[in-house]
Amino acid sequence: MKTVAVNASRSYEVRIGPGLLSTLGTAAATLGRAEKVCIVSDSNVFPLYGAAAEESLNAAGFSVISYVFPAGESSKNGSVFLDLLNFLAKNGLTRSDLMVALGGGVVGDLAGFAAACFLRGIRLIQLPTTLLAAVDSSVGGKTAIDLPEGKNLAGAFFQPSLVLCDTDLLASLPQTVFRDGCGEIIKYSILYDPALFAHLEAHGPDFHRENVIARCVELKRDVVMEDEFDTGARMKLNLGHTFGHGIEAASAFSVSHGMAVAAGIAIITRAAVKRGLCPEADSRRILALLSRFDLPIRICFSARELYAYTLNDKKRAGGTVNLIVPRCVGRCSILPTPVAQVLSWIEEGL
Ligand code: GLY
């Protein structure tokens, strides 16, 4: 097992390794006084791992309740959020009790936001069951729900008290869910770590699970500790996301997040080469690595379509979009770009 310590507005451990689901109860008991634990999960994940999570918590002496909602991004909304808060209140959870988010990014975001709001904050354990949640959304404290006007428009920064990443749960992910997480892993390597990039080039999808997840969590930890509230360095984690969110929206969310981010990375990388900001050789390696993981590097939308959807993204600040631009493998820069110039970036990158 590997442990990464995060010291943000709350200090906590991220534990990564096999067999951690069965340690949930004992790990929760070390967090201090709590009688009740609410497991929040979805209709895909709970049938697989809910009983084991409940058993581990019961064995450690907790009284356990479970809230299970229909799987999918469409559940990350205000009415499921309020229903969850009502469930917590009806079951008499107190400020010293705990919540466990058992699932992927949707579960972690929704449960995290409910944990942040219920009684102005109850402690949360993140137990990610997808690769994407393991390397990104379970760490760093971003929580949110979607509004009809867009993704993640209501939320809070709320750090978990513990993250348990059981690598056994990631072993049998459907290919598409696995590839989604790989897109984020490749993103970290382009942003910060040429050695990680080279490991991914050498091993492809057979990369060393525990080491690579732990490395990504370390990289994210470093960024979160530098800029927890996303006003500077953390913005770099949006590499590929500005156009990626546009692609997700343009496809009415039929293109998944990781695939859209991969295509977004490809677009910004090609545009960076055309503008002399990234060497051609690095771009070739980046595009080849994305393709090696079967991630898309071309899209079927026109520049104008993508531009329209990209402008709706919440990451826009007034008349400026912060583009995250690869300068070489292992280094990117933040380029504040007037909205009017974004279209030409897209045209150059398609
Ligand atoms: N997922 C990007 C961030 O946590 O900042």
# chains A, B, ... in the order shown; residues from 1 in each chain; ligands from 1

call {"tool": "residues_near_ligand", "arguments": {"ligand": "ligand 1", "cutoff": "8 Å", "atoms": "only C-alpha atoms and all ligand atoms", "output": "VMD selection string"}}
result
chain A and resid 136 to 137 139 to 142 220 224 230 234 to 235 237 to 238

call {"tool": "write_last_selection", "arguments": {"atoms": "N, CA, C and O atoms", "output": "CSV table (one decimal), in the first residue's frame"}}
result
chain,number,residue,atom,x,y,z
A,136,ASP,N,-8.3,11.8,-9.7
A,136,ASP,CA,-8.6,13.2,-9.7
A,136,ASP,C,-9.7,13.6,-8.7
A,136,ASP,O,-9.4,14.2,-7.7
A,137,SER,N,-11.0,13.2,-9.0
A,137,SER,CA,-12.1,13.8,-8.3
A,137,SER,C,-12.1,13.5,-6.8
A,137,SER,O,-12.7,14.3,-6.0
A,139,VAL,N,-9.7,13.5,-4.7
A,139,VAL,CA,-8.7,14.2,-4.0
A,139,VAL,C,-8.8,15.7,-4.3
A,139,VAL,O,-9.0,16.0,-5.5
A,140,GLY,N,-8.6,16.5,-3.3
A,140,GLY,CA,-8.5,17.9,-3.6
A,140,GLY,C,-9.7,18.7,-3.2
A,140,GLY,O,-9.7,20.0,-3.2
A,141,GLY,N,-10.9,18.1,-2.9
A,141,GLY,CA,-12.0,18.8,-2.3
A,141,GLY,C,-12.9,19.5,-3.2
A,141,GLY,O,-13.7,20.3,-2.7
A,142,LYS,N,-12.9,19.3,-4.5
A,142,LYS,CA,-13.9,20.0,-5.3
A,142,LYS,C,-15.1,19.1,-5.3
A,142,LYS,O,-15.1,17.9,-5.5
A,220,LYS,N,-1.3,15.8,-7.8
A,220,LYS,CA,-2.5,16.6,-7.5
A,220,LYS,C,-2.3,17.2,-6.1
A,220,LYS,O,-2.7,18.4,-5.9
A,224,VAL,N,-2.8,21.1,-5.1
A,224,VAL,CA,-3.8,21.5,-4.2
A,224,VAL,C,-3.2,22.2,-3.0
A,224,VAL,O,-3.8,23.2,-2.5
A,230,ASP,N,-8.1,27.2,-6.3
A,230,ASP,CA,-8.2,27.3,-7.8
A,230,ASP,C,-8.1,28.7,-8.3
A,230,ASP,O,-8.9,29.0,-9.2
A,234,ARG,N,-3.6,25.7,-9.7
A,234,ARG,CA,-4.6,24.6,-9.9
A,234,ARG,C,-5.3,24.6,-11.3
A,234,ARG,O,-5.8,23.6,-11.8
A,235,MET,N,-5.3,25.8,-11.8
A,235,MET,CA,-6.0,26.0,-13.1
A,235,MET,C,-5.4,25.1,-14.2
A,235,MET,O,-6.0,24.7,-15.2
A,237,LEU,N,-4.7,22.1,-14.0
A,237,LEU,CA,-5.4,20.8,-14.1
A,237,LEU,C,-6.5,20.8,-15.1
A,237,LEU,O,-7.1,19.8,-15.5
A,238,ASN,N,-6.8,22.0,-15.7
A,238,ASN,CA,-7.8,22.1,-16.7
A,238,ASN,C,-7.2,21.8,-18.1
A,238,ASN,O,-7.9,22.1,-19.1

call {"tool": "select_by_dssp", "arguments": {"residues": "range 147-259 of chain A", "states": "helix (DSSP H, G or I)", "output": "PyMOL selection string"}}
result
chain A and resi 167-170+175-192+194-206+209-226+233-238+241-250+257-259

call {"tool": "residues_around", "arguments": {"residues": "range 29-31 of chain A", "least_positions_apart": "3", "cutoff": "9 Å", "atoms": "only C-alpha atoms", "output": "list of chain:residue names"}}
result
A:Leu24, A:Gly25, A:Thr26, A:Ala34, A:Leu57, A:Ala60, A:Gly61, A:Phe62, A:Arg123, A:Ser161, A:Leu162

call {"tool": "closest_atom_pairs", "arguments": {"of": "range 91-175 of chain A", "to": "range 13-16 of chain A", "cutoff": "12 Å", "atoms": "only C-alpha atoms", "output": "CSV"}}
result
residue,atom,partner,partner_atom,distance
A:Ile125,CA,A:Val14,CA,10.0
A:Gln126,CA,A:Val14,CA,9.1
A:Leu127,CA,A:Val14,CA,9.8
A:Pro128,CA,A:Ile16,CA,10.4
A:Thr129,CA,A:Ile16,CA,11.8
A:Leu131,CA,A:Ile16,CA,11.6
A:Ala134,CA,A:Ile16,CA,8.8
A:Val135,CA,A:Ile16,CA,10.3
A:Asp136,CA,A:Val14,CA,11.7
A:Ser138,CA,A:Val14,CA,9.2
A:Val139,CA,A:Val14,CA,7.8
A:Gly140,CA,A:Val14,CA,10.4
A:Gln159,CA,A:Glu13,CA,11.0
A:Pro160,CA,A:Glu13,CA,9.2
A:Ser161,CA,A:Glu13,CA,7.6
A:Leu162,CA,A:Glu13,CA,5.4
A:Val163,CA,A:Val14,CA,4.6
A:Leu164,CA,A:Arg15,CA,5.1
A:Cys165,CA,A:Ile16,CA,4.7
A:Asp166,CA,A:Ile16,CA,6.1
A:Thr167,CA,A:Ile16,CA,6.8
A:Asp168,CA,A:Ile16,CA,10.1
A:Leu169,CA,A:Ile16,CA,11.2
A:Leu170,CA,A:Ile16,CA,11.2

call {"tool": "write_last_selection", "arguments": {"atoms": "C-alpha atoms", "output": "compact mmCIF listing (two decimals), in the first residue's frame"}}
result
# COMPACT_ATOMS: atom_id res chain seq x y z
CA ILE A 125 -14.46 9.42 3.38
CA GLN A 126 -13.97 9.11 -0.37
CA LEU A 127 -13.81 5.52 -1.64
CA PRO A 128 -13.32 5.91 -5.40
CA THR A 129 -14.34 3.01 -7.63
CA LEU A 131 -9.73 5.29 -12.20
CA ALA A 134 -9.00 7.70 -7.95
CA VAL A 135 -6.55 10.05 -9.68
CA ASP A 136 -8.64 13.19 -9.74
CA SER A 138 -11.69 12.03 -4.91
CA VAL A 139 -8.65 14.16 -4.00
CA GLY A 140 -8.52 17.93 -3.57
CA GLN A 159 -11.69 18.33 1.68
CA PRO A 160 -12.39 14.71 2.67
CA SER A 161 -11.05 13.30 5.95
CA LEU A 162 -9.66 10.18 4.26
CA VAL A 163 -9.44 8.67 0.77
CA LEU A 164 -9.29 4.88 0.41
CA CYS A 165 -8.39 3.84 -3.13
CA ASP A 166 -8.77 0.06 -3.29
CA THR A 167 -6.97 -0.97 -6.48
CA ASP A 168 -8.85 -4.32 -6.51
CA LEU A 169 -12.03 -2.38 -7.33
CA LEU A 170 -10.36 -0.85 -10.38

call {"tool": "closest_residue", "arguments": {"among": "A:Gly181, A:Gly150, A:Pro279, A:Pro18", "to": "Val329 in chain A", "atoms": "only C-alpha atoms"}}
result
A:Pro279

call {"tool": "atom_distance", "arguments": {"atom1": "CA of Arg95 in chain A", "atom2": "CA of Cys38 in chain A"}}
result
12.3 Å

call {"tool": "residues_around", "arguments": {"residues": "Val64 in chain A", "least_positions_apart": "6", "cutoff": "10 Å", "atoms": "only C-alpha atoms", "output": "VMD selection string"}}
result
chain A and resid 35 to 39 53 to 55 57 to 58 98 to 99

call {"tool": "select_by_dssp", "arguments": {"residues": "range 99-294 of chain A", "states": "strand (DSSP E)", "output": "ChimeraX atom specification"}}
result
/A:99-103,123-128,142-147,150-157,162-166

call {"tool": "residues_around", "arguments": {"residues": "range 337-340 of chain A", "least_positions_apart": "5", "cutoff": "9 Å", "atoms": "only C-alpha atoms", "output": "JSON, numbers by chain"}}
result
{"A": [311, 316, 318, 319, 320, 321, 322, 323]}

call {"tool": "write_last_selection", "arguments": {"atoms": "C-alpha atoms", "output": "PDB file, in the first residue's frame"}}
result
ATOM      1  CA  LEU A 311     -17.963  29.886 -24.310  1.00  0.00           C
ATOM      2  CA  ARG A 316     -14.456  31.664 -18.362  1.00  0.00           C
ATOM      3  CA  GLY A 318     -15.350  37.765 -17.935  1.00  0.00           C
ATOM      4  CA  GLY A 319     -13.985  38.271 -21.430  1.00  0.00           C
ATOM      5  CA  THR A 320     -11.026  35.965 -20.903  1.00  0.00           C
ATOM      6  CA  VAL A 321     -10.488  32.207 -21.065  1.00  0.00           C
ATOM      7  CA  ASN A 322      -7.411  30.726 -19.404  1.00  0.00           C
ATOM      8  CA  LEU A 323      -6.059  28.290 -21.976  1.00  0.00           C
TER       9      LEU A 323
END

call {"tool": "residues_around", "arguments": {"residues": "Val107 in chain A", "least_positions_apart": "2", "cutoff": "10 Å", "atoms": "only C-alpha atoms", "output": "PyMOL selection string"}}
result
chain A and resi 40-42+45+68-69+71-73+75-76+100-105+109-113+126-129+133+137-138+143

call {"tool": "atom_distance", "arguments": {"atom1": "CA of Phe158 in chain A", "atom2": "CA of Leu93 in chain A"}}
result
18.4 Å

call {"tool": "closest_residue", "arguments": {"among": "A:Tyr67, A:Ala198, A:Ile334, A:Ser79", "to": "Asn91 in chain A", "atoms": "only C-alpha atoms"}}
result
A:Tyr67
